[in-house]
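To be precise, the following lines are run_12.pdb, and they hold PDB, C-alpha atoms.
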```pdb
ATOM      1  CA  MET A   1      34.211 290.995 185.377
ATOM      2  CA  ARG A   2      37.282 289.399 183.739
ATOM      3  CA  ALA A   3      37.383 286.397 181.446
ATOM      4  CA  PRO A   4      38.547 283.091 182.994
ATOM      5  CA  ASP A   5      41.590 283.010 180.730
ATOM      6  CA  GLU A   6      42.935 286.349 182.025
ATOM      7  CA  THR A   7      45.150 287.153 184.975
ATOM      8  CA  PRO A   8      43.989 289.659 187.597
ATOM      9  CA  GLY A   9      45.894 292.363 185.683
ATOM     10  CA  GLY A  10      43.843 291.635 182.563
ATOM     11  CA  THR A  11      46.634 290.074 180.501
ATOM     12  CA  PRO A  12      45.814 286.797 178.764
ATOM     13  CA  ARG A  13      47.205 283.627 180.316
ATOM     14  CA  PRO A  14      49.288 281.339 178.121
ATOM     15  CA  PRO A  15      47.471 278.145 177.168
ATOM     16  CA  LYS A  16      48.174 275.180 179.407
ATOM     17  CA  THR A  17      50.098 272.426 177.673
ATOM     18  CA  SER A  18      50.137 268.931 179.047
ATOM     19  CA  THR A  19      53.395 267.344 180.098
ATOM     20  CA  VAL A  20      52.862 264.478 177.649
ATOM     21  CA  VAL A  21      52.559 266.863 174.701
ATOM     22  CA  LEU A  22      55.711 268.705 175.751
ATOM     23  CA  LEU A  23      57.593 265.423 176.174
ATOM     24  CA  LEU A  24      56.481 264.108 172.784
ATOM     25  CA  GLY A  25      57.443 267.405 171.156
ATOM     26  CA  THR A  26      60.901 267.249 172.707
ATOM     27  CA  ILE A  27      61.347 263.642 171.592
ATOM     28  CA  ALA A  28      60.311 264.497 168.027
ATOM     29  CA  ASP A  29      62.614 267.525 167.973
ATOM     30  CA  THR A  30      65.572 265.494 169.214
ATOM     31  CA  THR A  31      64.842 262.634 166.800
ATOM     32  CA  TRP A  32      64.974 264.771 163.661
ATOM     33  CA  ARG A  33      68.120 266.489 164.922
ATOM     34  CA  MET A  34      69.798 263.100 165.323
ATOM     35  CA  PHE A  35      68.698 261.159 162.268
ATOM     36  CA  VAL A  36      68.118 263.587 159.409
ATOM     37  CA  PRO A  37      71.702 264.948 159.181
ATOM     38  CA  THR A  38      73.297 261.559 159.768
ATOM     39  CA  VAL A  39      71.185 259.693 157.209
ATOM     40  CA  THR A  40      71.501 262.543 154.683
ATOM     41  CA  PHE A  41      75.301 262.641 154.841
ATOM     42  CA  ILE A  42      75.570 258.836 154.733
ATOM     43  CA  LEU A  43      73.389 258.736 151.616
ATOM     44  CA  LEU A  44      75.474 261.496 150.050
ATOM     45  CA  GLY A  45      78.560 259.425 150.890
ATOM     46  CA  PHE A  46      77.068 256.359 149.174
ATOM     47  CA  TRP A  47      76.284 258.435 146.111
ATOM     48  CA  ALA A  48      79.768 259.978 146.020
ATOM     49  CA  ASP A  49      81.398 256.559 146.427
ATOM     50  CA  GLU A  50      79.404 255.164 143.502
ATOM     51  CA  SER A  51      80.074 258.214 141.338
ATOM     52  CA  TRP A  52      83.773 258.601 142.033
ATOM     53  CA  GLY A  53      84.759 255.024 142.871
ATOM     54  CA  THR A  54      86.097 255.926 146.301
ATOM     55  CA  ILE A  55      84.399 253.129 148.257
ATOM     56  CA  PRO A  56      84.203 253.402 151.372
ATOM     57  CA  TRP A  57      85.870 256.765 152.006
ATOM     58  CA  MET A  58      83.036 259.153 151.175
ATOM     59  CA  THR A  59      80.602 257.060 153.218
ATOM     60  CA  VAL A  60      82.962 257.184 156.193
ATOM     61  CA  LEU A  61      83.300 260.925 155.698
ATOM     62  CA  GLY A  62      79.490 261.176 155.542
ATOM     63  CA  ILE A  63      79.221 259.351 158.869
ATOM     64  CA  ILE A  64      81.759 261.682 160.475
ATOM     65  CA  VAL A  65      80.207 264.874 159.097
ATOM     66  CA  GLY A  66      76.653 263.704 159.893
ATOM     67  CA  THR A  67      77.651 262.894 163.464
ATOM     68  CA  GLY A  68      79.327 266.291 163.818
ATOM     69  CA  VAL A  69      76.262 268.150 162.528
ATOM     70  CA  THR A  70      74.054 266.071 164.831
ATOM     71  CA  SER A  71      76.247 266.951 167.805
ATOM     72  CA  LEU A  72      76.022 270.656 167.031
ATOM     73  CA  LEU A  73      72.239 270.524 166.669
ATOM     74  CA  ILE A  74      71.797 268.648 169.973
ATOM     75  CA  LYS A  75      74.156 271.115 171.687
ATOM     76  CA  ARG A  76      72.016 274.003 170.416
ATOM     77  CA  GLN A  77      68.890 272.278 171.669
ATOM     78  CA  LEU A  78      70.377 271.798 175.137
ATOM     79  CA  GLU A  79      71.504 275.438 175.267
ATOM     80  CA  GLU A  80      67.994 276.519 174.309
ATOM     81  CA  VAL A  81      66.527 274.429 177.129
ATOM     82  CA  LYS A  82      68.971 275.988 179.599
ATOM     83  CA  ARG A  83      67.946 279.496 178.481
ATOM     84  CA  THR A  84      64.238 278.812 178.988
ATOM     85  CA  LYS A  85      64.666 277.581 182.568
TER      86      LYS A  85
END
```

In structure tokens, write the structure found in this file.
Amino acid sequence: MRAPDETPGGTPRPPKTSTVVLLLGTIADTTWRMFVPTVTFILLGFWADESWGTIPWMTVLGIIVGTGVTSLLIKRQLEEVKRTK
């Protein structure tokens, strides 16, 4: 007699994950990919502007670099989703 969590071949079945949990995980993953790089580079830009007296150029550069890093991270996430389908 086989266990209820095994397939007829005897291999274990993957645990069932609810759609809500998967959706919330995807939202959380996308959120950190969007906000952490952007906020980090903006804060670094503020710091550089205060240190070097370059107001507002380092902050603008931080926005541009943060947005670029965010775009790359979201692109990677979308490619990963395509691979799993």

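Using all atoms listed in the file, the smallest distance between any of A:Trp52, A:Lys85, A:Thr30, A:Ile42 and A:Val65 comes from A:Ile42.
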
Report as a ChimeraX atom specification the full result of the PyMOL selection byres ((chain A and resi 66) around 8) when it is applied to this structure. /A:37-42,62-65,67-70

Hey, can you check how far atom CA of A:Arg33 sits from atom CA of A:Leu78? 11.7 Å

For atom CA of A:Leu22 and atom CA of A:Ser71, the interatomic separation in Å (one decimal):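 Computing the Euclidean distance for atom CA of A:Leu22 and atom CA of A:Ser71 yields 22.1 Å.
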
Closest of A:Thr19, A:Thr26, A:Thr11, A:Thr59 to A:Val81 - atom-to-atom distances counting only C-alpha atoms: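 Among A:Thr19, A:Thr26, A:Thr11, A:Thr59, it is A:Thr26 that comes nearest to A:Val81.
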
Using all atoms listed in the file, which residues sit within 6 Å of A:Met58 once same-chain residues fewer than 3 positions away are excluded, as a ChimeraX atom specification? /A:45,49,61-62

Can you pull out the residues contacting A:Asp29? Cut-off 12 Å, using only C-alpha atoms, and skip same-chain residues under 6 positions away; I want them as a PyMOL selection string. chain A and resi 22-23+35-36+70+73-74+76-78

Quick one: distance from atom CA of A:Leu72 to atom CA of A:Met34 in Å, one decimal? 9.9 Å

Once 6 Å is added on each side, what centre and edge lengths in Å to one decimal does the axis-aligned box around all listed atoms of stretch 16-25 of chain A have, as lines of an AutoDock Vina configuration file?
```
center_x = 52.9
center_y = 269.6
center_z = 175.6
size_x = 21.4
size_y = 23.1
size_z = 20.9
```

Completed stretch 59-74 of chain A (N, CA and C atoms) as a tab-separated table (two decimals), in the coordinates of the input:
```
chain	number	residue	atom	x	y	z
A	59	THR	N	81.61	257.49	152.24
A	59	THR	CA	80.60	257.06	153.22
A	59	THR	C	81.12	257.28	154.64
A	60	VAL	N	82.37	256.95	154.87
A	60	VAL	CA	82.96	257.18	156.19
A	60	VAL	C	82.97	258.68	156.50
A	61	LEU	N	83.33	259.48	155.51
A	61	LEU	CA	83.30	260.92	155.70
A	61	LEU	C	81.88	261.41	155.98
A	62	GLY	N	80.89	260.83	155.29
A	62	GLY	CA	79.49	261.18	155.54
A	62	GLY	C	79.07	260.85	156.96
A	63	ILE	N	79.53	259.72	157.48
A	63	ILE	CA	79.22	259.35	158.87
A	63	ILE	C	79.83	260.36	159.83
A	64	ILE	N	81.07	260.73	159.59
A	64	ILE	CA	81.76	261.68	160.48
A	64	ILE	C	81.10	263.05	160.43
A	65	VAL	N	80.83	263.55	159.23
A	65	VAL	CA	80.21	264.87	159.10
A	65	VAL	C	78.79	264.86	159.66
A	66	GLY	N	78.02	263.82	159.37
A	66	GLY	CA	76.65	263.70	159.89
A	66	GLY	C	76.63	263.67	161.40
A	67	THR	N	77.57	262.95	162.00
A	67	THR	CA	77.65	262.89	163.46
A	67	THR	C	78.04	264.25	164.04
A	68	GLY	N	78.93	264.95	163.36
A	68	GLY	CA	79.33	266.29	163.82
A	68	GLY	C	78.16	267.27	163.76
A	69	VAL	N	77.42	267.26	162.66
A	69	VAL	CA	76.26	268.15	162.53
A	69	VAL	C	75.22	267.80	163.59
A	70	THR	N	75.00	266.52	163.80
A	70	THR	CA	74.05	266.07	164.83
A	70	THR	C	74.48	266.58	166.20
A	71	SER	N	75.75	266.48	166.51
A	71	SER	CA	76.25	266.95	167.80
A	71	SER	C	76.00	268.44	167.99
A	72	LEU	N	76.26	269.22	166.94
A	72	LEU	CA	76.02	270.66	167.03
A	72	LEU	C	74.54	270.98	167.23
A	73	LEU	N	73.67	270.27	166.53
A	73	LEU	CA	72.24	270.52	166.67
A	73	LEU	C	71.73	270.16	168.07
A	74	ILE	N	72.21	269.05	168.62
A	74	ILE	CA	71.80	268.65	169.97
A	74	ILE	C	72.35	269.65	170.99
```
